Amino acid sequence: MKKLAIIGIGFLTYFLLVVIMNAYENTRMHTSINEAIVDWYSYRSPTNYLPDNLSIKFSDLTVDGHKVVQGGKININESMVKMTPKEWMIHGGFSADEPQVPASLRHFYDPVKIDGVSYLTDLVENYSQFYNIPLPKMDAKEWALSATDNPYNWNYAKQYLGNAFYNETKRSEYLGDAYRALGETLHLFADMGCPPHVRNDAHPAFANGYVGDPDPYEELIKTTQVLDYGSSKTLADASTVAQFKSATTAANLFEVMAVFTNKNFFSEDTQYGTNITPHINDRRSYTSPAVGSDVIYNPSDKYYYKTINGNQIKMLVSKSYCFGLGSKYSTIDLECVKSQASILIPTIVEGGANLIKLFIPKISIEISDAKDDGTLSGVVKHTLNSEYTKEIKYNGKIKILKGSSTVGEVKSVNNTISGSGLNIKKDEKITAVIEIGGMIFTSKEFTVKEKSSTSDCLNAILACTKVSSYSVANYVYTDGTTETNRNVSYAQGGESTSNWFSDAKINWTGNNFVITKTQARNSTSADGDTVYCKMEGALSKDGTILESFSATWVRHYRSYQSDQSRIWITDLFEVYDHKFKNIPLTKCDQYSKWFELDTNTQINSNVISSYIYKYETQTTGTIQSPVVKVITNKEAKSLGDFNKVRVSFQ
């Protein structure tokens, strides 16, 4: 049964004086743990938590937020103050335990549900009656991550941060509340590394732990040990760290930390094993760790040891009552606490750093265009993941840098970047930077372009009314025949003697174009033919790339008897169809504007499709949609091996 010290003062007196069952003490211990986590994430981590485009300066600015300026058991006072993001996260280590009475029952999570539920059931019988507050029946994991009556839970922390990106006017206040909420989540995560808090073991105590039911681990752990163990001098449990790194949600991290602590450490009242009687003997016992199994007694120093992460950790010490004359008992002393803290604290810090990593959204900046006339455009992108399932949109200033020098600012509106007046020149390399709440997101370098080489030429192309295409390729046909350097032209005015479409004009929609024409022609060798041609494509935003281009040419004509008697024998039907991508602009002046691929390797990597069909047919339908009965055919059986592709605008 539980220690009897509480009975001597009576339950009512006991609960009147204190029912604080918090884990690491909140005015020094939890704030120190949070500080160690923030520093480990920002500066000392042996593994890089920061993506390449992100740097952190959590101490270089202040933001507004709601600070607990006076704590209490039931009521607290808050004020709007300015603190750095780091200070807000440290403050969350304190404020998570305020007000103290409601917090005390919500900071326990039993991952194995020894009592059938995951929330605290130990020593709660008189709690509701004395304080006239209903029992929350809520565990620390739910309270930390998603409880709607917790205004500083994990989900709200992410919501506040998203609001800070979006709302430039209230940005500072949203940032302060976001970092406080993150700090409170870190506090509750640290509780998952405190043995009594994951083993359903309430431990109310006062008078420095001399009265009540104190847990030695919480009473004896010191701030100096937190700062020491939270640094790079010690290592977290390797297998647990591996699970932290693969975790994609805060819930995963909480579970991993709670399971590790529950499985490997005793609280004072949940000892178990050979010749060990748990102090809590009115319910099932936790069977891991276990004296006589993975916890071994060493009679030479009277300590019980367990191997964790390759280290011998002191779990318990054997003592005797009445100055060694009475019966023996096992307990957790200062040496056990220091030994256990040497693995628990760095593991908490490592997991907490992963929690901050999940908190910071994956934001990137892309400069799509910047010209020497001082204009710039681009986008802000938010990559969604398991924690952020809705896009964050950034509104606000973006700093433009050349090296470390600022050359101006542009504006992002709902993730679309635009601006002018930048002090930039052709071929200079620039980056775009968002600074928000101590997070600094930087784009990749972009080389400034010359204005005349893009926008002027683009406008000239968009003013064109005619387009022609020309390609040279080698073809292999299904009948075994080949053609070398076969020239296929789709001409419209000026570039070919086959000037089929002189009266047709390009139809432009933005940077996209299309032109079609059906035309009957006279022929000296027959009664004439009909030709249908369609060309369409899309220019890049700056007009320097023909991102897609397709050309289709269909010819329908008839053959006749060799004696020239003009008796028709059958129809002939030819189709040429080519599709290309990413053809670069190679010439743009007042006379010529063309896009060209002129090396075999370059062309063939940008061919989407290429077909030639020659059918001797009986044909009905229209030339655009012929119904063909094939009598004989000849077609290319593979993509053309191209030597040149050119698309010209006039």
# chains A, B, ... in the order shown; residues from 1 in each chain; ligands from 1
$ residues_around --residues "Lys397 in chain A" --least-positions-apart "2" --cutoff "12 Å" --atoms "only C-alpha atoms" --output "number ranges by chain"
A: 165-168, 380, 394-395, 399-400, 408-419, 432-436
$ atom_distance --atom1 "CA of Ile343 in chain A" --atom2 "CA of Ser267 in chain A"
15.3 Å
$ closest_residue --among "A:Asp427, A:Glu596, A:Glu450, A:Glu574" --to "Ser471 in chain A" --atoms "only C-alpha atoms"
A:Glu596
$ residues_around --residues "Val63 in chain A" --least-positions-apart "6" --cutoff "9 Å" --atoms "only C-alpha atoms" --output "PyMOL selection string"
chain A and resi 81-85+88+171-176+437
$ residues_around --residues "range 129-145 of chain A" --least-positions-apart "2" --cutoff "7 Å" --atoms "only C-alpha atoms" --output "number ranges by chain"
A: 106-109, 118-120, 126-127, 147, 150, 153-155, 185, 188, 254
$ residues_around --residues "Gly193 in chain A" --least-positions-apart "6" --cutoff "10 Å" --atoms "only C-alpha atoms" --output "number ranges by chain"
A: 23-24, 254, 256-262, 265, 341, 343-349, 351
$ residues_around --residues "range 49-58 of chain A" --least-positions-apart "4" --cutoff "6 Å" --atoms "only C-alpha atoms" --output "list in words"
Pro85, Lys86, Gly438, Met439, Ile440, Phe441 and Thr442 of chain A
$ write_last_selection --atoms "C-alpha atoms" --output "PDB file, in the first residue's frame"
ATOM      1  CA  PRO A  85      10.989  32.870 -28.696  1.00  0.00           C
ATOM      2  CA  LYS A  86      13.494  30.990 -26.537  1.00  0.00           C
ATOM      3  CA  GLY A 438      13.477  33.651 -35.115  1.00  0.00           C
ATOM      4  CA  MET A 439      13.106  31.327 -38.115  1.00  0.00           C
ATOM      5  CA  ILE A 440      15.054  32.409 -41.181  1.00  0.00           C
ATOM      6  CA  PHE A 441      14.080  30.743 -44.462  1.00  0.00           C
ATOM      7  CA  THR A 442      16.391  31.365 -47.427  1.00  0.00           C
TER       8      THR A 442
END
$ atom_distance --atom1 "CA of Val575 in chain A" --atom2 "CA of Phe642 in chain A"
17.7 Å
$ residues_around --residues "range 547-552 of chain A" --least-positions-apart "4" --cutoff "7 Å" --atoms "only C-alpha atoms" --output "ChimeraX atom specification"
/A:533-540,576-583
$ closest_residue --among "A:Phe446, A:Tyr229, A:Tyr475, A:Tyr304" --to "Lys425 in chain A" --atoms "only C-alpha atoms"
A:Phe446
